[in-house]
Amino acid sequence: MKFSFWKSALASPAGRAFLALLLVLIAGAIFNANGAFFKIGTHRDTLRQASVYGMLACGITLVIVSGGIDLAVGSLVALAAVCAAKMAIHWNWPWWEVVPACLAVGTLCGTVSGWVTASLRVQPFIATLSMMVLARGLAKYASGGMKVSTAVQNSDGTYHYVEVPALFRAIDHRVLGGNLSVVTVIFLFCVALAWLALSRHRWGRYLYAIGGNEEAARLSGVPVVAAKICAYAASGLFAAVAGLCQAAQEQQGDPEAGSGYELTAIAMVVIGGTSLMGGRGGIGLTLLGVLTIGYLDKILSINAVPEAGRLVLTGIIIVAAVLTQRRGRT
Amino acid sequence: MRLTGITKRFGPVTVLRDVQFEGRAGEVHVLAGENGAGKSTLIKILAGIHSDFQGGIELDGRPVRPRSPLEANALGVAVIHQELSLIGPMSVADNIFLGRTPSRAGFVQEAKQRDAARHWLRQLGLELDVSQPVERFPVATRQLIEIAKALSQNARVIVMDEPTSALNAPEVHTLFTLIQSLKQRGCCLIYITHKMEEIERIADRVTVLRDGQWVGTASAAELPAPKLIQWMVGRDLGEQFPRRTQHLGAERMRLENFSVFSSGFSSRPAAAGVSLSVRAGEVLGLGGLQGSGASELLLGLFGAYGTATRGRMFLENTERRFTAPRQAIEAGVALLTNDRTATGLVLSLSIIANATLAGLRPLSPGGWRRPVRERQAAEVTTAPMRLRTASLESEVGALSGGNQQKVALAKWLQIRPRLLLLDEPTRGIDIAAKREIYQWVEQWTAAGIAILLITSEMPELLTLSDRIAVLHRGRVTAEFSRDKANPESILAAAMGQTECE
């Protein structure tokens with residue numbers, strides 16, 4: 001009886017991803033750091049901290065399902081953050097100009113990576129690696145290599161402080177009586193959007209088909225090049241949303257922000273059970289992966305595990321999770 | 001060299017049954033047979049690739065049993081496969097001595113290796129810069145490099161599997177001269193070919209396999225072409241399957257001087273100057289042996305090679321040119337590819353997803369998918385196919401070969417095709433599924449669909465086709481009406497003997 005329950009729970013990728021999350025939560029309940037784990041604030045912070053990564057993971061899921069990879073998203077966070085800070089703080093643009101402009105920058109960069117890999121047939125690893133370096137360069141260029149903060153330099157070299165823009169304050173805010181961060185709401189909105197695209201739109205089906213068997217997809221009339229470019233463009237769009245949130249939370253645009261974020265986001269996608277080979281996976285799985293890694297990190301940190309140990313443990317747990325995912329697939 | 005009583009099974013299928021084969025020093029022994037007769041399997045046993053078989057191998061009177069290609073090499077057996085096994089970016093010398101690199105304390109002795117490589121190439125009358133990467137040389141030279149490699153391994157039995165398929169006439173001449181000299185050196189050459197002309201030119205003896213069984217061995221002089229073909233076809237065709245009734249309508253598609261350059265305009269076209277037509281409700285069978293170019297012809301007219309085609313195509317008397325499969329699909333042309341797992345299906349997706357992939361656009365107006373409509377559409381196209389599966393949500397990869405093929409067919413029926421291109425529709429599926437597909441062909445033609453059919457199975461070609469065009473090296477060598485078609489003349493045309501009705 002008991003055995004068959006486990007067996008059926010482990011039969012689907014979703015079951016396995018859910019189980020991994022459950023194990024992490026049980027671990028949190030046991031090592032609850034004198035009850036800290038049971039406070040609502042802990043969960044609010046966990047979700048808030050995981051949200052920026054989660055937005056990246058949504059975009060990367062689209063790309064990975066199509067059989068590609070996107071390494072550029074971390075740099076795009078920095079580029080979008082710098083752009084947002086520049087526009088909102090220094091140029092005093094209103095939010096309805098800042099938001100579309102920022103998202104356009106990210107989408108454009110994503111489109112370029114998509115074009116390089118789909119039309120010019122450069123391997124996605126290389127194409128997006130180039131975009132990762134290029135976007136980091138653009139971020140530094142736009143910011144002059146320094147953080148774009150509320151301390152604005154006067155023409156005589158001295159600084160004066162300006163107010164944090166309303167847009168940033170709105171994003172770095174809490175709702176539901178202070179129990180939910182706005183970034184988490186934005187993240188959940190991204191999840192819904194990516195889910196609609198992947199599970200309910202024709203384009204999503206095309207991405208699965210391309211990731212599963214590109215040649216069969218092409219011979220079945222799937223517009224392979226266009227579908228792929230759109231996937232990378234969407235990934236750039238989600239990265240720009242993440243960059244905007246990052247800027248709002250830090251109240252500045254840091255050209256060094258987001259480095260290494262792409263790897264955390266990929267780990268979240270993979271731990272959820274989306275195959276790096278393409279063709280299998282989904283946004284629901286990615287959501288589970290985001291929560292798993294988010295909670296894992298939080299539980300280790302409230303138990304005051306030093307960073308060194310945290311990284312080692314996280315690495316081991318990712319491999320373990322991926323191994324169980326693969327075993328279920330034979 | 002002698003092989004006796006070779007039997008080989010793949011799962012429940014017996015591909016070779018009690019086959020005998022013998023090669024003498026200093027002879028060219030041609031191994032002939034239709035596609036799927038078991039030639040390649042026999043060679044793979046000799047080469048140590050398949051080591052689980054019944055029967056025995058003798059070399060110079062001693063029983064041997066190679067368990068790996070390496071062991072076969074050590075015994076003096078070298079196989080030159082159709083797809084060459086050289087490593088493109090590595091140098092000629094490195095390739096010749098791959099796995100046997102002369103070295104001292106782990107370091108390669110470059111000079112020694114180069115000298116030795118030159119020595120063996122010179123035996124073939126070839127002067128090459130052996131430090132150049134192999135990929136810089138033309139295919140013909142690469143073939144000679146493979147032979148040099150075989151010689152350097154002291155091979156006494158050299159197997160060549162259709163070595164001339166990628167060569168032009170002067171290169172073939174060079175190869176044949178070389179074969180003569182290898183004969184004089186006392187090598188035993190086993191030569192697989194589909195070309196009658198080559199058998200006449202170089203064979204000392206010929207052995208024919210058919211359906212995995214040994215038919216006979218005779219000296220080439222005693223085996224004139226008609227008799228050879230009779231040996232190859234030989235089986236009693238009988239009325240295995242009911243013949244189709246004819247439903248001929250107006251002309252649906254016509255090709256005029258159509259060429260397909262599947263590997264670029266600089267190399268030989270896979271199909272050259274093909275002119276043919278097919279009528280509504282008609283099945284035009286395309287006969288031919290491996291490398292005939294029939295598959296490439298279908299892919300080319302379907303738009304799979306982009307702009308790499310020349311010539312004209314008319315669909316219902318309107319000139320069309322497809323440069324992407326999507327355009328062909330929109331015009332009502334469907335192509336069932338010859339390899340369902342590699343190019344036909346997305347194995348990781350469900351039956352519904354696969355069955356609706358080609359016709360997804362009309363099923364998802366405005367871009368948003370309608371899962372319920374997709375399921376209904378898949379139910380409609382798969383219902384007559386009686387798929388053996390628990391649910392249409394199952395992954396296609398979990399289905400049997402026959403059921404997979406049915407899903408691939410369902411995908412194309414979904415677009416309501418006017419012209420159906422079928423490339424080996426019954427490859428690797430069981431007899432029951434085969435019969436079902438034959439019945440559907442009957443139904444489709446009755447519904448007015450025009451069909452171009454490629455099949456390597458002679459009985460299938462003869463029963464299903466209303467007319468048969470035979471291709472040899474990309475050209476149509478003969479066309480038969482269904483009353484005049486017979487296995488012998490089809491095979492003769494497929495082996496390059498040009499004749500017209």
# chains A, B, ... in the order shown; residues from 1 in each chain; ligands from 1
>>> interface_residues(of="chain B", to="chain A", cutoff="8 Å", atoms="only C-alpha atoms", output="NGL selection string")
:B and (304 or 324-327 or 329 or 335 or 342-349 or 353 or 357-358 or 360-361 or 364 or 367-370)
>>> residues_around(residues="Leu76 (chain A)", least_positions_apart="2", cutoff="9 Å", atoms="only C-alpha atoms", output="ChimeraX atom specification")
/A:72-74,78-81,105-106,109-110,131-132,135-136,139,236,239-240,242-243,258
>>> residues_around(residues="Ala78 (chain B)", least_positions_apart="3", cutoff="8 Å", atoms="only C-alpha atoms", output="VMD selection string")
chain B and resid 47 72 to 73 150 155 to 159
>>> atom_distance(atom1="CA of Asn179 (chain A)", atom2="CA of Thr46 (chain A)")
11.7 Å
>>> atom_distance(atom1="CA of Gly125 (chain B)", atom2="CA of Met1 (chain B)")
27.5 Å
>>> decode(residues="region 143-294 of chain A", atoms="C-alpha atoms", output="mmCIF file, in the first residue's frame")
data_model
loop_
_atom_site.group_PDB
_atom_site.id
_atom_site.type_symbol
_atom_site.label_atom_id
_atom_site.label_comp_id
_atom_site.auth_asym_id
_atom_site.auth_seq_id
_atom_site.Cartn_x
_atom_site.Cartn_y
_atom_site.Cartn_z
ATOM 1 C CA SER A 143 26.357 53.243 -16.326
ATOM 2 C CA GLY A 144 29.878 54.508 -16.855
ATOM 3 C CA GLY A 145 31.049 51.540 -14.801
ATOM 4 C CA MET A 146 29.478 52.822 -11.598
ATOM 5 C CA LYS A 147 26.288 52.083 -9.757
ATOM 6 C CA VAL A 148 23.452 54.294 -10.901
ATOM 7 C CA SER A 149 21.986 55.383 -7.570
ATOM 8 C CA THR A 150 19.993 58.183 -6.029
ATOM 9 C CA ALA A 151 23.262 60.023 -5.408
ATOM 10 C CA VAL A 152 23.441 62.145 -8.540
ATOM 11 C CA GLN A 153 26.672 63.874 -9.438
ATOM 12 C CA ASN A 154 26.520 67.652 -9.917
ATOM 13 C CA SER A 155 28.506 69.400 -12.634
ATOM 14 C CA ASP A 156 31.071 70.563 -10.057
ATOM 15 C CA GLY A 157 31.771 66.990 -8.921
ATOM 16 C CA THR A 158 29.766 67.061 -5.697
ATOM 17 C CA TYR A 159 26.717 64.854 -5.147
ATOM 18 C CA HIS A 160 23.126 65.573 -4.303
ATOM 19 C CA TYR A 161 20.552 63.022 -3.346
ATOM 20 C CA VAL A 162 17.244 62.634 -5.159
ATOM 21 C CA GLU A 163 14.165 60.802 -4.018
ATOM 22 C CA VAL A 164 13.638 57.129 -4.845
ATOM 23 C CA PRO A 165 11.308 57.063 -7.866
ATOM 24 C CA ALA A 166 7.680 56.091 -7.282
ATOM 25 C CA LEU A 167 8.037 53.124 -9.644
ATOM 26 C CA PHE A 168 10.792 51.581 -7.527
ATOM 27 C CA ARG A 169 8.884 52.181 -4.321
ATOM 28 C CA ALA A 170 5.808 50.557 -5.821
ATOM 29 C CA ILE A 171 7.705 47.439 -6.842
ATOM 30 C CA ASP A 172 9.565 47.144 -3.542
ATOM 31 C CA HIS A 173 6.345 47.153 -1.590
ATOM 32 C CA ARG A 174 4.189 44.614 0.212
ATOM 33 C CA VAL A 175 0.524 43.828 -0.212
ATOM 34 C CA LEU A 176 -1.982 41.714 1.723
ATOM 35 C CA GLY A 177 -1.228 43.378 5.015
ATOM 36 C CA GLY A 178 2.496 43.235 4.454
ATOM 37 C CA ASN A 179 2.470 39.474 3.924
ATOM 38 C CA LEU A 180 3.332 39.307 0.228
ATOM 39 C CA SER A 181 5.961 41.216 -1.722
ATOM 40 C CA VAL A 182 5.013 42.905 -4.972
ATOM 41 C CA VAL A 183 7.971 41.225 -6.720
ATOM 42 C CA THR A 184 6.451 37.866 -5.817
ATOM 43 C CA VAL A 185 3.192 38.974 -7.400
ATOM 44 C CA ILE A 186 5.120 39.971 -10.506
ATOM 45 C CA PHE A 187 6.878 36.595 -10.466
ATOM 46 C CA LEU A 188 3.567 34.747 -10.257
ATOM 47 C CA PHE A 189 2.290 36.861 -13.121
ATOM 48 C CA CYS A 190 5.360 35.793 -15.157
ATOM 49 C CA VAL A 191 4.622 32.152 -14.289
ATOM 50 C CA ALA A 192 1.051 32.546 -15.522
ATOM 51 C CA LEU A 193 2.191 34.216 -18.727
ATOM 52 C CA ALA A 194 4.838 31.600 -19.486
ATOM 53 C CA TRP A 195 2.385 28.818 -18.655
ATOM 54 C CA LEU A 196 -0.182 30.232 -21.068
ATOM 55 C CA ALA A 197 2.427 30.462 -23.799
ATOM 56 C CA LEU A 198 3.863 27.013 -23.271
ATOM 57 C CA SER A 199 0.721 25.047 -22.491
ATOM 58 C CA ARG A 200 -2.080 26.877 -24.213
ATOM 59 C CA HIS A 201 -0.559 28.556 -27.255
ATOM 60 C CA ARG A 202 0.349 26.992 -30.581
ATOM 61 C CA TRP A 203 3.835 28.454 -30.236
ATOM 62 C CA GLY A 204 4.402 26.466 -27.019
ATOM 63 C CA ARG A 205 3.533 23.234 -28.804
ATOM 64 C CA TYR A 206 5.977 24.188 -31.535
ATOM 65 C CA LEU A 207 8.709 24.686 -28.919
ATOM 66 C CA TYR A 208 8.113 21.202 -27.503
ATOM 67 C CA ALA A 209 8.170 19.719 -31.001
ATOM 68 C CA ILE A 210 11.406 21.509 -31.901
ATOM 69 C CA GLY A 211 13.055 20.414 -28.664
ATOM 70 C CA GLY A 212 11.872 16.828 -29.117
ATOM 71 C CA ASN A 213 12.842 16.406 -32.762
ATOM 72 C CA GLU A 214 13.734 19.497 -34.741
ATOM 73 C CA GLU A 215 13.885 17.767 -38.118
ATOM 74 C CA ALA A 216 10.524 16.069 -37.661
ATOM 75 C CA ALA A 217 9.084 19.416 -36.580
ATOM 76 C CA ARG A 218 10.462 21.164 -39.656
ATOM 77 C CA LEU A 219 9.111 18.458 -41.961
ATOM 78 C CA SER A 220 5.731 18.840 -40.250
ATOM 79 C CA GLY A 221 5.607 22.487 -41.232
ATOM 80 C CA VAL A 222 6.649 24.027 -37.904
ATOM 81 C CA PRO A 223 8.228 27.485 -38.430
ATOM 82 C CA VAL A 224 11.379 26.458 -36.581
ATOM 83 C CA VAL A 225 13.432 29.623 -36.958
ATOM 84 C CA ALA A 226 10.665 32.029 -35.955
ATOM 85 C CA ALA A 227 9.577 29.905 -32.992
ATOM 86 C CA LYS A 228 13.132 29.718 -31.679
ATOM 87 C CA ILE A 229 13.795 33.446 -32.055
ATOM 88 C CA CYS A 230 10.601 34.145 -30.137
ATOM 89 C CA ALA A 231 11.740 31.842 -27.311
ATOM 90 C CA TYR A 232 14.993 33.755 -26.845
ATOM 91 C CA ALA A 233 13.157 37.079 -27.165
ATOM 92 C CA ALA A 234 10.747 35.975 -24.428
ATOM 93 C CA SER A 235 13.666 34.951 -22.259
ATOM 94 C CA GLY A 236 15.140 38.438 -22.751
ATOM 95 C CA LEU A 237 11.772 39.955 -21.856
ATOM 96 C CA PHE A 238 11.542 38.009 -18.588
ATOM 97 C CA ALA A 239 15.149 38.939 -17.803
ATOM 98 C CA ALA A 240 14.263 42.602 -18.266
ATOM 99 C CA VAL A 241 11.337 42.244 -15.853
ATOM 100 C CA ALA A 242 13.749 40.664 -13.382
ATOM 101 C CA GLY A 243 16.222 43.512 -13.922
ATOM 102 C CA LEU A 244 13.531 46.096 -13.246
ATOM 103 C CA CYS A 245 12.628 44.356 -9.988
ATOM 104 C CA GLN A 246 16.288 44.073 -9.058
ATOM 105 C CA ALA A 247 16.779 47.815 -9.580
ATOM 106 C CA ALA A 248 13.683 48.602 -7.521
ATOM 107 C CA GLN A 249 14.785 46.379 -4.648
ATOM 108 C CA GLU A 250 18.309 47.789 -4.582
ATOM 109 C CA GLN A 251 17.090 51.326 -5.409
ATOM 110 C CA GLN A 252 19.933 51.533 -7.875
ATOM 111 C CA GLY A 253 21.217 50.100 -11.148
ATOM 112 C CA ASP A 254 24.307 48.004 -10.527
ATOM 113 C CA PRO A 255 26.221 47.018 -13.686
ATOM 114 C CA GLU A 256 27.652 44.069 -11.727
ATOM 115 C CA ALA A 257 24.213 42.796 -10.742
ATOM 116 C CA GLY A 258 22.912 39.414 -11.777
ATOM 117 C CA SER A 259 26.207 37.688 -12.463
ATOM 118 C CA GLY A 260 25.757 33.968 -11.991
ATOM 119 C CA TYR A 261 21.972 34.327 -11.817
ATOM 120 C CA GLU A 262 21.602 32.396 -15.089
ATOM 121 C CA LEU A 263 23.171 29.336 -13.472
ATOM 122 C CA THR A 264 20.861 29.443 -10.458
ATOM 123 C CA ALA A 265 17.903 29.834 -12.806
ATOM 124 C CA ILE A 266 19.031 26.891 -14.946
ATOM 125 C CA ALA A 267 19.451 24.806 -11.788
ATOM 126 C CA MET A 268 15.874 25.680 -10.788
ATOM 127 C CA VAL A 269 14.575 24.603 -14.203
ATOM 128 C CA VAL A 270 16.506 21.355 -14.152
ATOM 129 C CA ILE A 271 15.632 20.461 -10.557
ATOM 130 C CA GLY A 272 11.998 20.847 -11.545
ATOM 131 C CA GLY A 273 12.471 18.102 -14.115
ATOM 132 C CA THR A 274 12.620 19.956 -17.414
ATOM 133 C CA SER A 275 15.064 18.100 -19.631
ATOM 134 C CA LEU A 276 18.130 19.981 -20.830
ATOM 135 C CA MET A 277 17.842 17.879 -24.003
ATOM 136 C CA GLY A 278 14.614 19.690 -24.816
ATOM 137 C CA GLY A 279 11.107 18.496 -25.549
ATOM 138 C CA ARG A 280 10.074 17.680 -21.991
ATOM 139 C CA GLY A 281 9.200 19.808 -19.007
ATOM 140 C CA GLY A 282 6.993 22.746 -18.227
ATOM 141 C CA ILE A 283 6.390 25.888 -16.244
ATOM 142 C CA GLY A 284 4.641 24.057 -13.401
ATOM 143 C CA LEU A 285 7.778 22.015 -12.880
ATOM 144 C CA THR A 286 9.894 25.134 -12.967
ATOM 145 C CA LEU A 287 7.721 26.724 -10.267
ATOM 146 C CA LEU A 288 8.372 23.687 -8.064
ATOM 147 C CA GLY A 289 12.089 23.925 -8.826
ATOM 148 C CA VAL A 290 12.161 27.627 -7.927
ATOM 149 C CA LEU A 291 10.461 26.940 -4.593
ATOM 150 C CA THR A 292 12.741 23.994 -3.844
ATOM 151 C CA ILE A 293 15.967 25.926 -4.330
ATOM 152 C CA GLY A 294 14.518 29.057 -2.740
#
